[in-house]
Amino acid sequence: MKNNGYNLWLQYTDIENSTLKKKYLSQIKNIHSFGNSETIKACVEELERGFSGLFGDDYFLDKEASNNVLIIGTISNLNDIHQKNLKEDVLQIKKDGFIIKKIEINGNKKIVITAKTATGVLYGVFRFLRELQTNQPIEQIKIIDSPKVDVRILNHWDNLDRTVERGYAGFSIFDWHKLPDFKDPRYLDYARANASIGINGTVVNNVNSNALILTPMYLEKVKALADIFRPYGLKIYLTARFSAPIEIGGLKTADPLNEDVKNWWNEKVKEIYKYIPDFGGFLVKANSEGQPGPQDYDRNHVDGANMFADALAPFKGIVMWRAFVYSEHNPTDRAKQAYTEFVPYDGKFKDNVIIQVKNGAIDFQPREPFHPMFGAMPNTNLMIEFQITQEYMGGATHLVYQPKLFQEVLEADTYRKGKGSIVAKVIDGSLHNKKLTGVSGVSNIGNDINWTGNHFLQSNWYGFGRLAWNPYLDAKSIADEWLRMTFTNENDFVNPIKNMMIDSRETVVNYMTPLGLHHIMATNHHYGPGPWVGNLSRPEWNPVYYHKANEKGVGFNRTKTGSNATAQYAPEVEEMFNNVSTTPEIYLLWFHHLPWDYKLKNGKTLWNNIALKYQQGVNEAENMISSWNLMEQYVDESRFKEIQMMLNIQYKEAKWWRDSCLLYFQQFSKMKLPDGVEKPN
Ligand code: GCW
């Protein structure tokens, strides 16, 4: 059997267990839908698609049936009797949340999928299908679930020429050349996939923005996409190039306090809403890595962000203003710049501005401590940005299950309001009582047939969506769901492969950047090792800037005796990181410069620990191959082989990482490799 992976986790394969299948069929004899919005139509279509896959030839609808039926519709469209029955449950749903509940009315059993909004109903439909896909019992089904975060959004770093910055799965799925008239069916499948995990927004163009996207020619194209996405509750957002008033507006300046500039943006926003009445708003990268911004006019981030906020407010649009800023004028530590530039402005941003902060203060490393801005701006809306695409983790070749990383960040304790002030509470707004919340992820999607270049990396898109919906979920149970939906419900497959996924995150840390090392990837493309001096003009782009290896030792002193980046954390966290003995060893060299013979908790030297970690990473990469090789009987041939080839590359490259890094650092440590570490060849 061939499976090219196009259907993602929405495989809807025939339910193997025939007893279970019969049970399901006896409870779903017909679909009664209420309301006829595009979204409700999409619900029915999805159910039909799902049922015909899951039940195969056994599936038929009994148009006469009123017992054992499925009821679909928003609560206000349901019959009075249903409404009455669900009165208490409805009180529990928030925003686009949903109810799936078995009820009995006059002896007739029904499974009702309802919500306050049609999008909520759609989320319920996908959830119900997931229950079937993962073989859950539905006799007594009662699920009430609501998103904990408002804006759950993908950021595509897709350029208008279809190249994708840091994209490893082919070209952009958005074919600007053929839009608006050619509507690739893939756009609909993209919307379905996103809706199935609760993603409700997408920024379709790169943060390194091209102002042309804001011209009528492109807005027509964007509108075509928005029309396709709308029934799936997926809102379109665009990046706004700060200098657009000059580049496409013919103005002499883009100064955010200049009246002509303000008017230009006001008019531009009005125009966009004419094309797309539910346009979501802008994502802006300003004054970072050479992008234009308010500082070019001696203004600050507040001036810039609030200018957009004013233009968007009448239409309920939002501005996601990125905190990923750093400049060549930053003297000591790049990790400090975002906090330094933003925190003093806490409380100054308008209500429809949300500051988008990367999960760590450097840049999407295999492991970073949480960004010190989380919890540090109680009077400002703040969202998190993850990078689903693996810029620093082996592109689309290496199997890294990222929800484990996302969870680690979300669970980190900021101590901003005492113990338990975890990042998830900042993100869902509960820590500081926020009205606008968000989670964004840099997309790993491209036009490769399987969307993400590697079948397993679909799980990162999936897991991102699930955690954006509920940042308190556990990565392991997400992996479980995903495996069952994507491959099979066989426990002998699911259990070992779930463990393999969970461990894969630590494995990549081990063979790339153990013990707090970071940004030692090859210069520019960031694929593969390159701890040596890069050919770059800016010091903070050079790997040596981050590891600071010399004959005395290795690591970046960010404590009070060094760059003092630790001072940007709450006092409890600051103290923990300032003290080498209380710094978790996973972050050791992030915060401390230590001698090669420094003894870690296991009594071994730093050098030996580094070497052993690299070796461990290699061993683990090799073990992934053995685990996978045992699974041939459970997986279709094409996906099995493709994954196998990828794992072999990963193993080869893990050795490349180990050998390069150890040979490089050994020049400074001048110490022998400990037993158990293979000699580089
Ligand atoms: O991670 C870095 C990347 C850039 C990217 C930038 C950003 C879009 O190397 O390619 O630019 O971050 O997040 O803006």
# chains A, B, ... in the order shown; residues from 1 in each chain; ligands from 1

call {"tool": "residues_near_ligand", "arguments": {"ligand": "ligand 1", "cutoff": "9 Å", "atoms": "only C-alpha atoms and all ligand atoms", "output": "list in words"}}
result
Trp157, Glu165, Arg166, Asn206, Val207, Asn208, Ser209, Lys285, Ser288, Glu289, Arg322, Phe324, Val325, Lys358, Ile362, Asp363, Phe364, Gln387, Glu391, Tyr392, Val442, Asn524, His525 and His526 of chain A

call {"tool": "write_last_selection", "arguments": {"atoms": "N, CA and C atoms", "output": "PDB file, in the first residue's frame"}}
result
ATOM      1  N   TRP A 157       7.062  32.011   6.915  1.00  0.00           N
ATOM      2  CA  TRP A 157       8.142  32.887   6.467  1.00  0.00           C
ATOM      3  C   TRP A 157       8.274  32.705   4.948  1.00  0.00           C
ATOM      4  N   GLU A 165      11.865  31.263   3.762  1.00  0.00           N
ATOM      5  CA  GLU A 165      13.009  31.480   4.646  1.00  0.00           C
ATOM      6  C   GLU A 165      12.988  30.418   5.737  1.00  0.00           C
ATOM      7  N   ARG A 166      14.101  29.728   5.858  1.00  0.00           N
ATOM      8  CA  ARG A 166      14.230  28.638   6.842  1.00  0.00           C
ATOM      9  C   ARG A 166      13.188  27.549   6.623  1.00  0.00           C
ATOM     10  N   ASN A 206       6.255  36.378   4.771  1.00  0.00           N
ATOM     11  CA  ASN A 206       7.436  36.447   5.641  1.00  0.00           C
ATOM     12  C   ASN A 206       7.482  37.716   6.502  1.00  0.00           C
ATOM     13  N   VAL A 207       8.033  37.575   7.696  1.00  0.00           N
ATOM     14  CA  VAL A 207       8.245  38.753   8.552  1.00  0.00           C
ATOM     15  C   VAL A 207       9.298  39.684   7.963  1.00  0.00           C
ATOM     16  N   ASN A 208      10.229  39.125   7.206  1.00  0.00           N
ATOM     17  CA  ASN A 208      11.107  39.980   6.406  1.00  0.00           C
ATOM     18  C   ASN A 208      10.264  40.316   5.184  1.00  0.00           C
ATOM     19  N   SER A 209       9.524  41.375   5.318  1.00  0.00           N
ATOM     20  CA  SER A 209       8.351  41.564   4.475  1.00  0.00           C
ATOM     21  C   SER A 209       8.640  42.311   3.181  1.00  0.00           C
ATOM     22  N   LYS A 285       7.892  42.927  12.030  1.00  0.00           N
ATOM     23  CA  LYS A 285       9.286  42.819  12.474  1.00  0.00           C
ATOM     24  C   LYS A 285       9.913  44.164  12.151  1.00  0.00           C
ATOM     25  N   SER A 288      15.071  45.116  13.327  1.00  0.00           N
ATOM     26  CA  SER A 288      15.763  43.874  13.668  1.00  0.00           C
ATOM     27  C   SER A 288      16.373  43.328  12.396  1.00  0.00           C
ATOM     28  N   GLU A 289      17.610  42.944  12.476  1.00  0.00           N
ATOM     29  CA  GLU A 289      18.314  42.351  11.333  1.00  0.00           C
ATOM     30  C   GLU A 289      18.148  43.189  10.067  1.00  0.00           C
ATOM     31  N   ARG A 322       6.817  42.157  16.972  1.00  0.00           N
ATOM     32  CA  ARG A 322       7.815  41.195  17.435  1.00  0.00           C
ATOM     33  C   ARG A 322       8.873  41.815  18.341  1.00  0.00           C
ATOM     34  N   PHE A 324      11.700  40.234  18.754  1.00  0.00           N
ATOM     35  CA  PHE A 324      12.986  39.700  18.298  1.00  0.00           C
ATOM     36  C   PHE A 324      13.780  40.831  17.652  1.00  0.00           C
ATOM     37  N   VAL A 325      14.491  41.557  18.477  1.00  0.00           N
ATOM     38  CA  VAL A 325      15.262  42.681  17.970  1.00  0.00           C
ATOM     39  C   VAL A 325      16.696  42.552  18.474  1.00  0.00           C
ATOM     40  N   LYS A 358       9.903  35.438  21.247  1.00  0.00           N
ATOM     41  CA  LYS A 358      10.386  34.076  20.991  1.00  0.00           C
ATOM     42  C   LYS A 358      10.528  33.319  22.305  1.00  0.00           C
ATOM     43  N   ILE A 362      17.720  34.063  22.674  1.00  0.00           N
ATOM     44  CA  ILE A 362      18.621  34.090  21.523  1.00  0.00           C
ATOM     45  C   ILE A 362      17.834  33.754  20.260  1.00  0.00           C
ATOM     46  N   ASP A 363      17.705  32.497  19.944  1.00  0.00           N
ATOM     47  CA  ASP A 363      17.034  32.216  18.671  1.00  0.00           C
ATOM     48  C   ASP A 363      16.749  30.738  18.468  1.00  0.00           C
ATOM     49  N   PHE A 364      15.659  30.240  18.994  1.00  0.00           N
ATOM     50  CA  PHE A 364      15.167  28.905  18.654  1.00  0.00           C
ATOM     51  C   PHE A 364      16.228  27.805  18.713  1.00  0.00           C
ATOM     52  N   GLN A 387       9.329  28.091  17.008  1.00  0.00           N
ATOM     53  CA  GLN A 387       9.719  27.842  15.618  1.00  0.00           C
ATOM     54  C   GLN A 387       9.479  26.374  15.298  1.00  0.00           C
ATOM     55  N   GLU A 391      15.078  25.322  11.952  1.00  0.00           N
ATOM     56  CA  GLU A 391      16.243  26.067  11.496  1.00  0.00           C
ATOM     57  C   GLU A 391      17.517  25.585  12.176  1.00  0.00           C
ATOM     58  N   TYR A 392      17.431  25.329  13.462  1.00  0.00           N
ATOM     59  CA  TYR A 392      18.620  24.949  14.230  1.00  0.00           C
ATOM     60  C   TYR A 392      18.566  23.491  14.680  1.00  0.00           C
ATOM     61  N   VAL A 442       6.348  29.397  13.858  1.00  0.00           N
ATOM     62  CA  VAL A 442       6.871  29.574  12.506  1.00  0.00           C
ATOM     63  C   VAL A 442       6.672  28.244  11.772  1.00  0.00           C
ATOM     64  N   ASN A 524      25.322  31.113   8.760  1.00  0.00           N
ATOM     65  CA  ASN A 524      24.297  31.420   7.741  1.00  0.00           C
ATOM     66  C   ASN A 524      23.186  30.380   7.620  1.00  0.00           C
ATOM     67  N   HIS A 525      23.510  29.192   7.102  1.00  0.00           N
ATOM     68  CA  HIS A 525      22.413  28.244   6.862  1.00  0.00           C
ATOM     69  C   HIS A 525      22.020  27.493   8.127  1.00  0.00           C
ATOM     70  N   HIS A 526      22.918  27.469   9.111  1.00  0.00           N
ATOM     71  CA  HIS A 526      22.612  26.878  10.422  1.00  0.00           C
ATOM     72  C   HIS A 526      22.376  25.375  10.388  1.00  0.00           C
TER      73      HIS A 526
END

call {"tool": "closest_atom_pairs", "arguments": {"of": "region 66-107 of chain A", "to": "region 9-29 of chain A", "cutoff": "9 Å", "atoms": "only C-alpha atoms", "output": "tab-separated table"}}
result
residue	atom	partner	partner_atom	distance
A:Ser66	CA	A:Lys29	CA	8.3
A:Asn67	CA	A:Lys29	CA	7.8
A:Asn68	CA	A:Gln27	CA	4.7
A:Val69	CA	A:Ile28	CA	5.1
A:Leu70	CA	A:Ile28	CA	6.0

call {"tool": "write_last_selection", "arguments": {"atoms": "N, CA and C atoms", "output": "PDB file, in the first residue's frame"}}
result
ATOM      1  N   SER A  66     -34.164   8.425  13.784  1.00  0.00           N
ATOM      2  CA  SER A  66     -34.149   9.535  14.741  1.00  0.00           C
ATOM      3  C   SER A  66     -33.571   9.064  16.076  1.00  0.00           C
ATOM      4  N   ASN A  67     -33.336   7.773  16.175  1.00  0.00           N
ATOM      5  CA  ASN A  67     -32.626   7.244  17.343  1.00  0.00           C
ATOM      6  C   ASN A  67     -31.181   6.991  16.912  1.00  0.00           C
ATOM      7  N   ASN A  68     -30.241   7.199  17.846  1.00  0.00           N
ATOM      8  CA  ASN A  68     -28.819   7.010  17.536  1.00  0.00           C
ATOM      9  C   ASN A  68     -28.356   7.880  16.362  1.00  0.00           C
ATOM     10  N   VAL A  69     -28.590   9.133  16.508  1.00  0.00           N
ATOM     11  CA  VAL A  69     -28.171  10.057  15.451  1.00  0.00           C
ATOM     12  C   VAL A  69     -27.204  11.097  16.009  1.00  0.00           C
ATOM     13  N   LEU A  70     -26.583  11.750  15.072  1.00  0.00           N
ATOM     14  CA  LEU A  70     -25.630  12.802  15.426  1.00  0.00           C
ATOM     15  C   LEU A  70     -26.293  14.145  15.143  1.00  0.00           C
TER      16      LEU A  70
END

call {"tool": "select_by_dssp", "arguments": {"residues": "region 428-528 of chain A", "states": "strand (DSSP E or B)", "output": "PyMOL selection string"}}
result
chain A and resi 438-442+521

call {"tool": "atom_distance", "arguments": {"atom1": "CA of Ser504 (chain A)", "atom2": "CA of Asn155 (chain A)"}}
result
24.3 Å

call {"tool": "residues_around", "arguments": {"residues": "region 428-430 of chain A", "least_positions_apart": "5", "cutoff": "8 Å", "atoms": "only C-alpha atoms", "output": "VMD selection string"}}
result
chain A and resid 148 to 149 435 to 438 471

call {"tool": "write_last_selection", "arguments": {"atoms": "C-alpha atoms", "output": "PDB file, in the first residue's frame"}}
result
ATOM      1  CA  LYS A 148      -7.345  28.723  26.506  1.00  0.00           C
ATOM      2  CA  VAL A 149      -5.657  31.144  24.103  1.00  0.00           C
ATOM      3  CA  LYS A 435      -7.815  40.023  27.494  1.00  0.00           C
ATOM      4  CA  LEU A 436      -5.787  39.319  24.376  1.00  0.00           C
ATOM      5  CA  THR A 437      -3.585  36.223  24.299  1.00  0.00           C
ATOM      6  CA  GLY A 438      -1.716  34.300  21.626  1.00  0.00           C
ATOM      7  CA  PRO A 471      -0.752  25.154  26.810  1.00  0.00           C
TER       8      PRO A 471
END
